[in-house]
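Novice: Input entry09.cif, format and content: mmCIF, C-alpha atoms and all ligand atoms.
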```cif
data_start
#
loop_
_atom_site.label_atom_id
_atom_site.label_comp_id
_atom_site.auth_asym_id
_atom_site.auth_seq_id
_atom_site.Cartn_x
_atom_site.Cartn_y
_atom_site.Cartn_z
CA MET A 1 40.16 157.42 39.68
CA ILE A 2 41.52 156.86 43.22
CA ARG A 3 44.57 158.76 44.48
CA PHE A 4 46.18 158.40 47.89
CA ASP A 5 48.60 161.24 48.40
CA SER A 6 50.68 160.66 51.57
CA VAL A 7 47.55 159.50 53.37
CA SER A 8 47.84 158.67 57.07
CA LYS A 9 45.27 157.25 59.42
CA THR A 10 45.88 157.26 63.15
CA TYR A 11 43.12 155.78 65.28
CA PRO A 12 42.38 157.67 68.47
CA ALA A 13 44.03 156.15 71.51
CA ALA A 14 42.47 154.88 74.66
CA ARG A 15 42.84 157.54 77.38
CA GLY A 16 46.48 158.28 78.18
CA ALA A 17 47.98 156.22 75.35
CA THR A 18 49.25 157.45 72.00
CA GLY A 19 47.11 156.80 68.91
CA HIS A 20 47.70 153.86 66.62
CA ALA A 21 49.06 154.71 63.17
CA ALA A 22 47.36 152.16 60.90
CA LEU A 23 48.40 153.91 57.67
CA ARG A 24 51.55 156.03 57.33
CA GLU A 25 51.92 158.45 54.44
CA ALA A 26 50.60 155.96 51.92
CA SER A 27 50.68 157.06 48.28
CA LEU A 28 49.20 155.09 45.43
CA GLU A 29 47.00 155.52 42.38
CA VAL A 30 44.33 153.27 41.00
CA ALA A 31 43.43 153.95 37.37
CA GLN A 32 39.92 153.76 36.01
CA GLY A 33 38.93 150.24 34.99
CA GLU A 34 41.83 148.42 36.58
CA VAL A 35 41.83 145.63 39.14
CA PHE A 36 44.13 146.77 41.91
CA GLY A 37 45.24 144.42 44.69
CA VAL A 38 46.52 145.36 48.13
CA ILE A 39 48.37 142.65 50.03
CA GLY A 40 49.90 142.68 53.46
CA ALA A 41 50.10 140.69 56.65
CA SER A 42 47.43 140.88 59.32
CA GLY A 43 47.43 144.36 60.86
CA ALA A 44 49.34 145.97 57.97
CA GLY A 45 46.49 148.41 57.35
CA LYS A 46 44.64 146.84 54.41
CA SER A 47 41.14 147.21 55.86
CA THR A 48 41.90 150.76 56.92
CA LEU A 49 43.04 151.61 53.39
CA ILE A 50 39.94 150.17 51.75
CA ARG A 51 37.57 151.73 54.31
CA LEU A 52 39.03 155.15 53.56
CA ILE A 53 37.98 154.80 49.93
CA ASN A 54 34.26 154.72 50.70
CA GLY A 55 34.49 157.15 53.56
CA LEU A 56 33.91 154.62 56.36
CA GLU A 57 37.09 156.09 57.85
CA THR A 58 38.53 159.57 57.36
CA PRO A 59 42.22 160.29 56.81
CA THR A 60 44.13 162.02 59.60
CA GLY A 61 46.76 163.27 57.15
CA GLY A 62 47.41 163.66 53.43
CA LYS A 63 44.83 163.80 50.66
CA LEU A 64 42.56 161.12 49.23
CA VAL A 65 40.65 161.72 46.02
CA VAL A 66 38.02 159.19 44.91
CA ASP A 67 36.22 159.65 41.60
CA GLY A 68 36.99 163.36 41.63
CA ASP A 69 36.00 163.97 45.28
CA ASP A 70 38.36 164.96 48.07
CA VAL A 71 36.92 162.46 50.56
CA ALA A 72 37.89 164.42 53.69
CA ALA A 73 35.99 167.49 52.44
CA LEU A 74 32.66 165.71 51.82
CA ASP A 75 29.62 166.54 53.93
CA VAL A 76 27.04 163.88 54.87
CA ALA A 77 25.14 164.21 51.57
CA GLY A 78 28.42 164.06 49.65
CA LEU A 79 29.46 160.92 51.49
CA ARG A 80 26.11 159.29 50.79
CA ALA A 81 26.49 160.07 47.10
CA LEU A 82 30.05 158.70 47.13
CA ARG A 83 28.91 155.43 48.69
CA ARG A 84 26.43 154.93 45.85
CA ARG A 85 29.37 155.09 43.46
CA VAL A 86 31.48 152.71 45.55
CA GLY A 87 30.14 149.19 46.23
CA MET A 88 31.73 146.83 48.73
CA ILE A 89 31.78 143.09 49.39
CA PHE A 90 33.04 141.39 52.53
CA GLN A 91 34.73 138.22 53.73
CA HIS A 92 31.70 137.16 55.76
CA PHE A 93 29.21 138.51 53.21
CA ASN A 94 27.32 140.75 55.73
CA LEU A 95 23.88 139.75 54.44
CA LEU A 96 20.69 140.48 56.35
CA SER A 97 19.69 137.07 57.66
CA SER A 98 16.01 137.89 58.11
CA LYS A 99 15.62 139.02 54.51
CA THR A 100 15.44 136.89 51.38
CA VAL A 101 18.06 136.99 48.64
CA GLU A 102 15.85 139.28 46.60
CA GLN A 103 15.25 141.62 49.57
CA ASN A 104 18.96 141.76 50.35
CA VAL A 105 19.74 142.88 46.81
CA ALA A 106 16.83 145.33 46.82
CA PHE A 107 17.89 146.89 50.12
CA PRO A 108 20.30 149.59 48.84
CA LEU A 109 17.77 150.54 46.15
CA LYS A 110 15.07 151.03 48.81
CA LEU A 111 17.49 153.18 50.78
CA ALA A 112 18.17 155.21 47.66
CA GLY A 113 14.40 155.80 47.27
CA TRP A 114 13.76 153.84 44.09
CA GLU A 115 10.15 153.05 43.03
CA PRO A 116 9.06 149.44 43.83
CA ALA A 117 8.53 148.53 40.16
CA ARG A 118 12.01 149.73 39.20
CA ILE A 119 13.49 147.90 42.18
CA LYS A 120 11.86 144.65 41.03
CA THR A 121 13.24 144.94 37.51
CA ARG A 122 16.71 145.94 38.67
CA THR A 123 16.86 143.18 41.30
CA ALA A 124 15.83 140.53 38.76
CA GLU A 125 18.51 141.81 36.37
CA LEU A 126 21.22 141.66 39.07
CA LEU A 127 20.24 138.19 40.25
CA ALA A 128 20.34 136.94 36.67
CA ARG A 129 23.80 138.45 36.22
CA VAL A 130 25.23 136.60 39.24
CA GLY A 131 23.38 133.36 38.41
CA LEU A 132 20.93 133.34 41.33
CA THR A 133 17.53 133.85 39.68
CA ASP A 134 16.24 130.56 41.07
CA GLN A 135 17.42 131.37 44.62
CA ALA A 136 15.58 134.71 44.93
CA ALA A 137 13.10 133.59 47.60
CA LYS A 138 15.65 131.80 49.80
CA TYR A 139 17.21 133.14 52.99
CA PRO A 140 20.99 133.49 53.39
CA ALA A 141 21.15 130.52 55.79
CA GLN A 142 19.90 128.29 52.96
CA LEU A 143 22.78 129.25 50.63
CA SER A 144 26.36 128.02 50.15
CA GLY A 145 29.26 130.41 50.80
CA GLY A 146 29.72 131.03 47.08
CA GLN A 147 26.01 131.80 46.63
CA LYS A 148 26.12 134.18 49.60
CA GLN A 149 29.01 136.05 48.03
CA ARG A 150 27.08 136.27 44.76
CA VAL A 151 24.24 137.92 46.69
CA GLY A 152 26.84 140.27 48.21
CA ILE A 153 28.11 141.13 44.73
CA ALA A 154 24.60 141.70 43.35
CA ARG A 155 23.81 143.96 46.31
CA ALA A 156 27.08 145.87 45.91
CA LEU A 157 26.30 146.49 42.23
CA ALA A 158 22.67 147.49 42.77
CA THR A 159 23.13 151.25 42.55
CA GLY A 160 25.45 150.96 39.54
CA PRO A 161 28.75 151.86 41.25
CA LYS A 162 31.90 152.74 39.33
CA ILE A 163 34.16 151.21 41.99
CA LEU A 164 33.92 147.84 43.72
CA LEU A 165 35.85 147.26 46.94
CA CYS A 166 36.52 143.64 47.90
CA ASP A 167 37.53 143.08 51.52
CA GLU A 168 39.02 139.55 51.68
CA ALA A 169 36.03 138.55 49.55
CA THR A 170 37.20 134.99 48.91
CA SER A 171 39.00 134.24 52.18
CA ALA A 172 36.08 132.24 53.61
CA LEU A 173 35.57 130.18 50.44
CA ASP A 174 37.00 126.84 49.29
CA PRO A 175 39.44 126.90 46.34
CA GLU A 176 36.90 125.95 43.67
CA THR A 177 34.37 128.52 44.84
CA THR A 178 37.16 131.10 45.12
CA GLU A 179 37.98 130.43 41.47
CA GLN A 180 34.35 130.98 40.43
CA ILE A 181 33.95 134.20 42.42
CA LEU A 182 37.24 135.57 41.05
CA ALA A 183 36.07 134.73 37.52
CA LEU A 184 32.85 136.63 38.18
CA ILE A 185 34.78 139.62 39.53
CA SER A 186 37.02 139.60 36.43
CA ASP A 187 34.00 139.41 34.11
CA LEU A 188 32.32 142.33 35.88
CA ASN A 189 35.50 144.36 35.57
CA ARG A 190 35.56 143.76 31.83
CA GLU A 191 31.85 144.05 31.10
CA LEU A 192 31.04 147.06 33.24
CA GLY A 193 34.42 148.78 33.19
CA LEU A 194 34.33 148.61 37.00
CA THR A 195 37.39 149.78 38.88
CA ILE A 196 38.12 147.14 41.50
CA VAL A 197 40.26 147.40 44.63
CA LEU A 198 40.69 144.16 46.46
CA ILE A 199 42.55 143.47 49.64
CA THR A 200 43.78 140.01 50.42
CA HIS A 201 46.47 138.11 52.24
CA GLU A 202 46.54 135.54 49.42
CA MET A 203 49.03 136.25 46.65
CA ASP A 204 47.20 133.69 44.58
CA VAL A 205 44.16 135.96 44.38
CA VAL A 206 46.35 138.83 43.20
CA ARG A 207 48.03 136.60 40.61
CA ARG A 208 44.70 135.50 39.16
CA VAL A 209 42.82 138.77 38.77
CA CYS A 210 44.84 141.89 39.45
CA ASP A 211 46.52 144.26 37.00
CA ARG A 212 48.60 146.03 39.65
CA VAL A 213 49.34 145.49 43.30
CA ALA A 214 50.55 147.44 46.32
CA VAL A 215 52.30 145.77 49.23
CA LEU A 216 51.60 147.13 52.70
CA GLU A 217 53.98 146.68 55.61
CA ALA A 218 53.11 148.22 58.99
CA GLY A 219 50.95 150.91 57.37
CA ARG A 220 53.44 151.82 54.65
CA VAL A 221 53.30 151.09 50.93
CA VAL A 222 56.64 149.33 50.47
CA GLU A 223 56.15 148.21 46.89
CA GLU A 224 53.73 148.97 44.08
CA GLY A 225 53.65 147.92 40.47
CA PRO A 226 52.25 145.64 37.79
CA VAL A 227 51.47 142.22 39.24
CA GLU A 228 53.94 140.56 36.92
CA GLU A 229 56.74 142.80 38.17
CA VAL A 230 56.00 142.39 41.89
CA PHE A 231 55.29 138.70 41.53
CA LEU A 232 58.32 137.76 39.50
CA HIS A 233 60.80 140.22 41.03
CA PRO A 234 59.62 140.95 44.57
CA ALA A 235 61.77 143.62 46.20
CA SER A 236 60.37 143.93 49.73
CA GLY A 237 60.58 141.30 52.46
CA THR A 238 56.78 141.18 52.61
CA ALA A 239 56.40 140.62 48.88
CA ARG A 240 59.03 137.88 49.01
CA ARG A 241 57.21 136.14 51.82
CA PHE A 242 53.95 136.40 49.92
CA VAL A 243 55.29 134.81 46.79
CA GLY A 244 56.83 132.05 48.89
CA GLU A 245 60.41 132.82 48.06
CA ALA A 246 61.52 133.77 51.55
CA GLU A 247 60.60 130.35 52.89
CA GLU A 248 62.27 128.68 49.94
CA VAL A 249 65.64 130.17 50.67
CA SER A 250 65.52 130.56 54.42
CA GLU A 251 64.35 127.13 55.48
CA ILE A 252 67.26 125.25 54.03
CA ALA A 253 70.93 125.20 54.87
CA LEU A 254 72.26 127.31 52.01
CA PRO A 255 75.18 125.95 50.06
CA ALA A 256 78.05 128.27 49.24
CA GLY A 257 77.81 130.04 45.89
CA VAL A 258 75.92 132.79 44.16
CA LEU A 259 72.21 132.71 44.86
CA VAL A 260 70.06 133.55 41.84
CA ARG A 261 66.44 133.41 40.83
CA LEU A 262 65.80 132.53 37.20
CA THR A 263 62.50 133.54 35.63
CA PHE A 264 61.38 131.78 32.48
CA LYS A 265 58.56 133.29 30.48
CA GLY A 266 57.18 132.73 27.00
CA GLU A 267 59.61 130.90 24.70
CA ALA A 268 62.31 130.66 27.35
CA THR A 269 60.05 128.38 29.39
CA TYR A 270 60.47 125.62 26.86
CA LYS A 271 64.22 125.82 26.15
CA PRO A 272 66.53 123.22 27.81
CA VAL A 273 68.82 126.02 28.87
CA LEU A 274 69.97 124.91 32.33
CA GLY A 275 72.01 121.88 31.28
CA ALA A 276 73.46 123.69 28.26
CA VAL A 277 74.71 126.62 30.36
CA ALA A 278 76.17 124.27 32.98
CA ARG A 279 78.08 122.34 30.31
CA GLU A 280 79.32 125.42 28.50
CA THR A 281 80.47 127.40 31.51
CA GLY A 282 81.43 124.67 34.00
CA VAL A 283 79.02 126.15 36.54
CA ASP A 284 77.31 123.71 38.87
CA TYR A 285 73.96 124.40 40.47
CA SER A 286 71.92 123.31 43.46
CA ILE A 287 68.18 123.77 43.10
CA LEU A 288 66.76 125.48 46.20
CA GLY A 289 63.21 125.96 45.04
CA GLY A 290 61.00 126.35 42.04
CA ARG A 291 57.49 126.87 40.83
CA ILE A 292 55.47 126.95 37.68
CA HIS A 293 52.36 129.07 37.65
CA LYS A 294 50.21 131.30 35.53
CA LEU A 295 49.89 135.05 35.78
CA ARG A 296 46.33 135.50 34.58
CA ASP A 297 46.63 133.28 31.50
CA ALA A 298 50.38 133.42 30.82
CA PRO A 299 52.57 130.56 32.12
CA TYR A 300 55.92 131.23 33.76
CA GLY A 301 58.50 129.26 35.70
CA GLN A 302 60.92 130.30 38.41
CA LEU A 303 63.92 128.47 39.83
CA THR A 304 66.04 129.52 42.78
CA LEU A 305 69.57 128.20 42.40
CA ALA A 306 72.93 128.36 44.15
CA LEU A 307 75.63 128.55 41.45
CA THR A 308 79.11 127.24 42.21
CA GLY A 309 82.40 126.74 40.35
CA GLY A 310 83.13 127.58 36.71
CA ASP A 311 82.54 131.01 35.21
CA ILE A 312 79.43 132.27 37.02
CA GLU A 313 79.34 135.67 35.26
CA ALA A 314 79.45 133.92 31.88
CA ALA A 315 76.64 131.62 32.99
CA ILE A 316 74.47 134.59 33.98
CA THR A 317 75.16 136.35 30.66
CA ARG A 318 74.33 133.14 28.83
CA PHE A 319 71.03 132.74 30.72
CA GLU A 320 70.08 136.31 29.87
CA ALA A 321 70.94 135.78 26.21
CA ALA A 322 68.52 132.84 26.20
CA GLY A 323 65.70 135.11 27.39
CA VAL A 324 65.86 134.06 31.03
CA TRP A 325 65.57 136.84 33.61
CA VAL A 326 68.24 136.58 36.34
CA ASP A 327 67.88 138.20 39.77
CA ARG A 328 70.74 137.94 42.26
CA LEU A 329 69.41 137.14 45.71
CA GLU A 330 72.43 137.94 47.84
CA ASP A 331 70.31 140.03 50.18
CA ALA A 332 67.86 137.18 50.69
CA ARG A 333 70.42 135.30 52.79
N1 LIG B 401 38.83 151.22 64.79
C1 LIG B 401 40.09 151.01 65.21
N2 LIG B 401 40.56 151.57 66.35
C2 LIG B 401 41.83 151.39 66.74
N3 LIG B 401 42.75 150.68 66.07
C3 LIG B 401 42.35 150.09 64.93
C4 LIG B 401 41.01 150.22 64.43
N4 LIG B 401 40.92 149.53 63.27
C5 LIG B 401 42.14 149.00 63.06
N5 LIG B 401 42.99 149.32 64.03
C6 LIG B 401 44.41 148.94 64.14
O1 LIG B 401 45.06 149.41 62.98
C7 LIG B 401 46.00 148.43 62.47
C8 LIG B 401 45.67 148.10 61.04
O2 LIG B 401 44.43 147.43 61.02
P1 LIG B 401 43.71 146.95 59.68
O3 LIG B 401 42.44 146.24 60.09
O4 LIG B 401 43.61 148.07 58.75
O5 LIG B 401 44.78 145.89 59.13
P2 LIG B 401 44.58 144.68 58.12
O6 LIG B 401 45.82 144.66 57.30
O7 LIG B 401 43.29 144.81 57.42
O8 LIG B 401 44.54 143.44 59.09
P3 LIG B 401 43.69 142.06 58.93
O9 LIG B 401 44.22 141.36 57.72
O10 LIG B 401 44.01 141.34 60.20
O11 LIG B 401 42.25 142.48 58.82
C9 LIG B 401 45.92 147.26 63.43
O12 LIG B 401 46.98 147.34 64.34
C10 LIG B 401 44.59 147.43 64.12
O13 LIG B 401 44.62 146.90 65.42
#
```
Would you mind writing the structure in this file as structure tokens?
Specialist:
Amino acid sequence: MIRFDSVSKTYPAARGATGHAALREASLEVAQGEVFGVIGASGAGKSTLIRLINGLETPTGGKLVVDGDDVAALDVAGLRALRRRVGMIFQHFNLLSSKTVEQNVAFPLKLAGWEPARIKTRTAELLARVGLTDQAAKYPAQLSGGQKQRVGIARALATGPKILLCDEATSALDPETTEQILALISDLNRELGLTIVLITHEMDVVRRVCDRVAVLEAGRVVEEGPVEEVFLHPASGTARRFVGEAEEVSEIALPAGVLVRLTFKGEATYKPVLGAVARETGVDYSILGGRIHKLRDAPYGQLTLALTGGDIEAAITRFEAAGVWVDRLEDAR
């Protein structure tokens, strides 16, 4: 559905300076109907990546195919048609303040030349879907942040796009509202079969709604995979920082020993395995960090430990036999 093949984007430089490479030979694929997250620190190139998908920026290298179109080869009419198939929502909503909720949602339909009667029906349908029927005559300034984002979503969906791009869509919202907007995005993905690409600097957002995730570091894709894989076994420094592990192990004076991360999922979450392994193998442990969370609806637990004394290899084998995933974190030191 979306394929980045060694895509680069270098912004033109101010006179005399060299251009700024915001994206460097990035390759990734987003399948139809999936929710794909892109995380990275500020300046990593997330906005550039998402803006390439709807043709707001053009690649300076590589090939980008969106819904069958080579984006760089599209003429103006082709780009316009692409943008009707790719909706977008924004961190600060980008609503027209002088227009009502209803007029904001109707706007892209007017641009697309729809008949007034059809626009009215479609707008009413969209407002009902996002739960804003009774707010239709209000102006954006009279709405809460969550309501504004619902208007943004209704507007983005107006022309029936196949792809929805979310640019930090929940970053300006409080946690409860974030939860509601993410639930709406998930529902739309399921109901409409929408392909969703969302960029965020919050791993929590990725954990709640995404199927797969790519990690951007200084314009490069340094990690890509199913959310569960990247979340539970982060390989890059950036991914580790995002899941909070880097702080866990770097902010404390590390004891001697073998540093491991244990991941408990499913049945293993409920077994009293730590004490049993310590007793059986004579291995002692210091707990350096831990968390219990859900990935979508599945609970999991992670513990970062320093193992000392006894038979450490036997302890690791024993953990694995009990269904606990063990990662050695030597390189995290
Ligand atoms: N139009 C532009 N002209 C020149 N440089 C740009 C332009 N847009 C972005 N950049 C630069 O490209 C790099 C990547 O920017 P981008 O906005 O894609 O990153 P980001 O990961 O979305 O960051 P943030 O989370 O802060 O929005 C940054 O160094 C930025 O300054």
Novice: Grab me every residue within 8 Å of ligand LIG 401 (chain B), counting all atoms listed in the file, and send it over as a PDB file with C-alpha atoms, in the coordinates of the input.
Specialist:
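Final output, saved to result12.pdb:
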```pdb
ATOM      1  CA  THR A  10      45.880 157.260  63.150  1.00  0.00           C
ATOM      2  CA  TYR A  11      43.120 155.780  65.280  1.00  0.00           C
ATOM      3  CA  PRO A  12      42.380 157.670  68.470  1.00  0.00           C
ATOM      4  CA  ALA A  13      44.030 156.150  71.510  1.00  0.00           C
ATOM      5  CA  GLY A  19      47.110 156.800  68.910  1.00  0.00           C
ATOM      6  CA  HIS A  20      47.700 153.860  66.620  1.00  0.00           C
ATOM      7  CA  ALA A  21      49.060 154.710  63.170  1.00  0.00           C
ATOM      8  CA  ALA A  22      47.360 152.160  60.900  1.00  0.00           C
ATOM      9  CA  LEU A  23      48.400 153.910  57.670  1.00  0.00           C
ATOM     10  CA  ILE A  39      48.370 142.650  50.030  1.00  0.00           C
ATOM     11  CA  GLY A  40      49.900 142.680  53.460  1.00  0.00           C
ATOM     12  CA  ALA A  41      50.100 140.690  56.650  1.00  0.00           C
ATOM     13  CA  SER A  42      47.430 140.880  59.320  1.00  0.00           C
ATOM     14  CA  GLY A  43      47.430 144.360  60.860  1.00  0.00           C
ATOM     15  CA  ALA A  44      49.340 145.970  57.970  1.00  0.00           C
ATOM     16  CA  GLY A  45      46.490 148.410  57.350  1.00  0.00           C
ATOM     17  CA  LYS A  46      44.640 146.840  54.410  1.00  0.00           C
ATOM     18  CA  SER A  47      41.140 147.210  55.860  1.00  0.00           C
ATOM     19  CA  THR A  48      41.900 150.760  56.920  1.00  0.00           C
ATOM     20  CA  LEU A  49      43.040 151.610  53.390  1.00  0.00           C
ATOM     21  CA  ILE A 199      42.550 143.470  49.640  1.00  0.00           C
ATOM     22  CA  THR A 200      43.780 140.010  50.420  1.00  0.00           C
ATOM     23  CA  HIS A 201      46.470 138.110  52.240  1.00  0.00           C
ATOM     24  CA  LEU A 216      51.600 147.130  52.700  1.00  0.00           C
ATOM     25  CA  ALA A 218      53.110 148.220  58.990  1.00  0.00           C
ATOM     26  CA  GLY A 219      50.950 150.910  57.370  1.00  0.00           C
TER      27      GLY A 219
END
```
Novice: Using atom CA of Val215 of chain A and atom CA of Leu52 of chain A as the two end points, give the distance in Å to one decimal.
Specialist: 16.8 Å
Novice: Counting only C-alpha atoms, which residue out of A:Phe319, A:Arg279, A:Leu262, A:Ser286 sits closest to Gln302 of chain A?
Specialist: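 Ranking A:Phe319, A:Arg279, A:Leu262, A:Ser286 by distance to Gln302 of chain A, first place goes to A:Leu262.
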Novice: How far is it from atom CA of Asp134 of chain A to atom CA of Thr195 of chain A, in Å with one decimal?
Specialist: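 A separation of 28.7 Å between them.
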Novice: When distances are computed from all atoms listed in the file, which of A:Leu194, A:Leu79, A:Leu182, A:Val151 shows the smallest separation from Arg207 of chain A?
Specialist: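 Under the stated criterion, the closest residue is A:Leu182.
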Novice: Interatomic distance between atom CA of Pro234 of chain A and atom CA of Leu188 of chain A?
Specialist: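 So the answer is 28.7 Å.
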Novice: Which residue, A:Val30, A:Leu295, A:Ile163, A:Ala154, has the smallest gap to Val205 of chain A when you use only C-alpha atoms?
Specialist: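 With only C-alpha atoms as the atom set, the closest residue is A:Leu295.
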Novice: For Val65 of chain A, which residue among A:Ala31, A:Ala321, A:Val277, A:Ala141 is the nearest when counting all atoms listed in the file?
Specialist: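 Answer, going by the shortest atom-to-atom distance: A:Ala31.
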Novice: Set the distance at 10 Å and use all atoms listed in the file: which residues neighbour segment 124-127 of chain A once local chain neighbours fewer than 3 positions away are removed? I'd like the list as a VMD selection string.
Specialist: chain A and resid 101 to 102 105 to 106 118 to 121 130 to 136 150 to 151 153 to 158
Novice: When you count only C-alpha atoms, which of these residues is closest to Val260 of chain A: A:Glu313, A:Glu34, A:Asp211, A:Glu57?
Specialist: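 Distance minimum relative to Val260 of chain A lands on A:Glu313.
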Novice: Of the candidates A:Asp297, A:Glu202, A:Glu267, A:Asp69, which shows the shortest atom-to-atom distance to Ala172 of chain A, using all atoms listed in the file?
Specialist: A:Glu202
Novice: Counting only C-alpha atoms, which residues of segment 142-165 of chain A sit at most 12 Å from some atom of segment 2-5 of chain A, and what is each one's closest atom pair with its distance in Å to one decimal, listed by chain and rising residue number, as CSV?
Specialist:
```
residue,atom,partner,partner_atom,distance
A:Lys162,CA,A:Ile2,CA,11.2
A:Ile163,CA,A:Ile2,CA,9.4
A:Leu164,CA,A:Ile2,CA,11.8
A:Leu165,CA,A:Ile2,CA,11.8
```
Novice: Residues proximal to (56.1, 132.2, 28.7) were defined as those with any atom within 8 Å of that point in the file's coordinates, counting all atoms listed in the file. Which are they, as JSON, numbers by chain?
Specialist: {"A": [264, 265, 266, 267, 268, 269, 298, 299, 300, 301]}
Novice: May I have the protein, DNA and RNA residues with any atom at most 7 Å from the point (66.6, 132.9, 42.5), counting only C-alpha atoms, written as a list of chain:residue names?
Specialist: A:Leu259, A:Val260, A:Arg261, A:Leu262, A:Leu303, A:Thr304, A:Leu305, A:Asp327, A:Arg328, A:Leu329
Novice: Could you rebuild segment 71-83 of chain A with N, CA and C atoms and give me the result as an mmCIF file, keeping the file's coordinate frame?
Specialist:
```cif
data_model
loop_
_atom_site.group_PDB
_atom_site.id
_atom_site.type_symbol
_atom_site.label_atom_id
_atom_site.label_comp_id
_atom_site.auth_asym_id
_atom_site.auth_seq_id
_atom_site.Cartn_x
_atom_site.Cartn_y
_atom_site.Cartn_z
ATOM 1 N N VAL A 71 37.802 163.165 49.631
ATOM 2 C CA VAL A 71 36.920 162.460 50.560
ATOM 3 C C VAL A 71 36.795 163.190 51.905
ATOM 4 N N ALA A 72 37.910 163.759 52.376
ATOM 5 C CA ALA A 72 37.890 164.420 53.690
ATOM 6 C C ALA A 72 36.996 165.664 53.693
ATOM 7 N N ALA A 73 36.755 166.243 52.509
ATOM 8 C CA ALA A 73 35.990 167.490 52.440
ATOM 9 C C ALA A 73 34.490 167.251 52.241
ATOM 10 N N LEU A 74 34.075 165.976 52.117
ATOM 11 C CA LEU A 74 32.660 165.710 51.820
ATOM 12 C C LEU A 74 31.774 165.892 53.046
ATOM 13 N N ASP A 75 30.588 166.486 52.846
ATOM 14 C CA ASP A 75 29.620 166.540 53.930
ATOM 15 C C ASP A 75 28.796 165.238 53.894
ATOM 16 N N VAL A 76 27.795 165.135 54.761
ATOM 17 C CA VAL A 76 27.040 163.880 54.870
ATOM 18 C C VAL A 76 26.394 163.504 53.534
ATOM 19 N N ALA A 77 25.793 164.493 52.856
ATOM 20 C CA ALA A 77 25.140 164.210 51.570
ATOM 21 C C ALA A 77 26.183 163.770 50.536
ATOM 22 N N GLY A 78 27.331 164.411 50.573
ATOM 23 C CA GLY A 78 28.420 164.060 49.650
ATOM 24 C C GLY A 78 28.899 162.643 49.883
ATOM 25 N N LEU A 79 29.012 162.275 51.148
ATOM 26 C CA LEU A 79 29.460 160.920 51.490
ATOM 27 C C LEU A 79 28.446 159.882 51.021
ATOM 28 N N ARG A 80 27.165 160.214 51.213
ATOM 29 C CA ARG A 80 26.110 159.290 50.790
ATOM 30 C C ARG A 80 26.196 159.082 49.278
ATOM 31 N N ALA A 81 26.398 160.170 48.565
ATOM 32 C CA ALA A 81 26.490 160.070 47.100
ATOM 33 C C ALA A 81 27.725 159.259 46.702
ATOM 34 N N LEU A 82 28.825 159.459 47.432
ATOM 35 C CA LEU A 82 30.050 158.700 47.130
ATOM 36 C C LEU A 82 29.798 157.202 47.311
ATOM 37 N N ARG A 83 29.119 156.855 48.398
ATOM 38 C CA ARG A 83 28.910 155.430 48.690
ATOM 39 C C ARG A 83 28.041 154.745 47.636
#
```
